[in-house]
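A.B. asks: Below: one structure in structure tokens.
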Amino acid sequence: MSEKRRSRWYFGGLSSSAAACITHPLDLIKVHLQTQHEVRMRMVGMTMSVVQREGVLALYSGLSASLCRQMTYSLSRFAIYETVSDQMKDRTHGPMPFYQKVLLGLVGGFAGGFIGTPADMVNVRMQNDVKVPLELRRNYAHALDGLFRVWKEEGMKKLFSGATMASSRGALVTVGQLACYDQAKQLVLGTGAMQDNILTHFLASLIAGGCATVLCQPLDVLKTRLMNSKGEYVGLLHCVRDTAKLGPNAFYKGLVPAGIRLIPHTVLTFIFLEQLRTCCGIRIVT
């Protein structure tokens, strides 16, 4: 008889929240870079600009909204992916084929992206507030205040502004992160050269983070522009056309800071997740 551990449905949300606490400044700088109407600053310049204007703590502006997003968006997609994946493994008594992991990632990510849209929009707005003039700032006190004010001042429909884009991005990120992590870990362990330990988790999550960054960057740029807009875009196609006028590279604006933010976040999330699974996961005796 052997024993293994499985994740509980909420472990993904906890792991992502812990990772977000560490990588939030990188996420904030990424949003600032993406919402520039023309490229004026790079990553280091934008970071210095924020710190000089508002102080070091401004790099953590919108942290409550970021955590709210992780406990809706990430919790949902991890819960769907892990739960269905475990059931499939029980049925087939072996790992899922990669195409099934991709399909499951698309479904789980799309659902999670939709559920997390309101918190995601407030997160973008709170992060972007730092760089706009005082008279134009929204000044949300925290995530719940932001959600309530958007609902009260702009209507329920506005809470789901950019939901299609956020859901599509969520689907691609989940394929890049969860499906690619599972596959990379399976391939690494299959070589027999490495054991199921933190080094394997690090390597697999590094690969997954790179895949997720490249897959989702164009949608991430469009989603950020839509959520931060004040009515200048009629819809998604209008946003696409307006962004395209800046050239093809505009869809990959902030790719380096996005990678610098998403790859560490992915690595930390899976390391925390694997440790939670090992220490507090559901015991399965086979």
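We label chains A, B, ... in the order they appear in the structure tokens, count residues from 1 in each chain, and number ligands from 1 in the order shown.
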What are the nearest atom pairs, with distances in Å to one decimal, for all residues of range 184-210 of chain A that come at most 12 Å from range 275-279 of chain A, using only C-alpha atoms, set out by chain and rising residue number as a Markdown table?

C.D. replies:
| residue | atom | partner | partner_atom | distance |
| --- | --- | --- | --- | --- |
| A:Asp196 | CA | A:Thr278 | CA | 11.0 |
| A:Asn197 | CA | A:Gln275 | CA | 9.7 |
| A:Ile198 | CA | A:Gln275 | CA | 8.6 |
| A:His201 | CA | A:Gln275 | CA | 10.0 |
| A:Phe202 | CA | A:Gln275 | CA | 12.0 |

A.B. asks: Could you pull out the alpha helix (DSSP H) residues of range 65-157 of chain A, going by DSSP on the backbone, and write them as a ChimeraX atom specification?

C.D. replies: /A:65-69,75-92,98-115,117-128,143-154,156-157

A.B. asks: Rounded to one decimal in Å, what is the spacing between CA of Gly247 in chain A and CA of Arg125 in chain A?

C.D. replies: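 These atoms are spaced 25.1 Å apart.
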
A.B. asks: I want to know what sits within 12 Å of range 170-172 of chain A, based on only C-alpha atoms, with residues of the same chain fewer than 3 positions away left out; could you give that as a ChimeraX atom specification?

C.D. replies: /A:69-70,72-74,76-78,81,101-117,120,162-167,175-180,208-209,211-220,223

A.B. asks: Neighbouring residues of Ala20 in chain A were defined as those with any atom within 9 Å, considering only C-alpha atoms; residues of the same chain fewer than 4 positions away were excluded. Please report them as a PyMOL selection string.

C.D. replies: chain A and resi 15-16+24+27+63+66-67+70+265+268-269

A.B. asks: Identify all residues of range 3-227 of chain A in strand (DSSP E) (DSSP on the backbone) and supply them as a list in words.

C.D. replies: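 Output for range 3-227 of chain A, strand (DSSP E) only: Glu3, Lys4, Arg5 and Arg6 of chain A.
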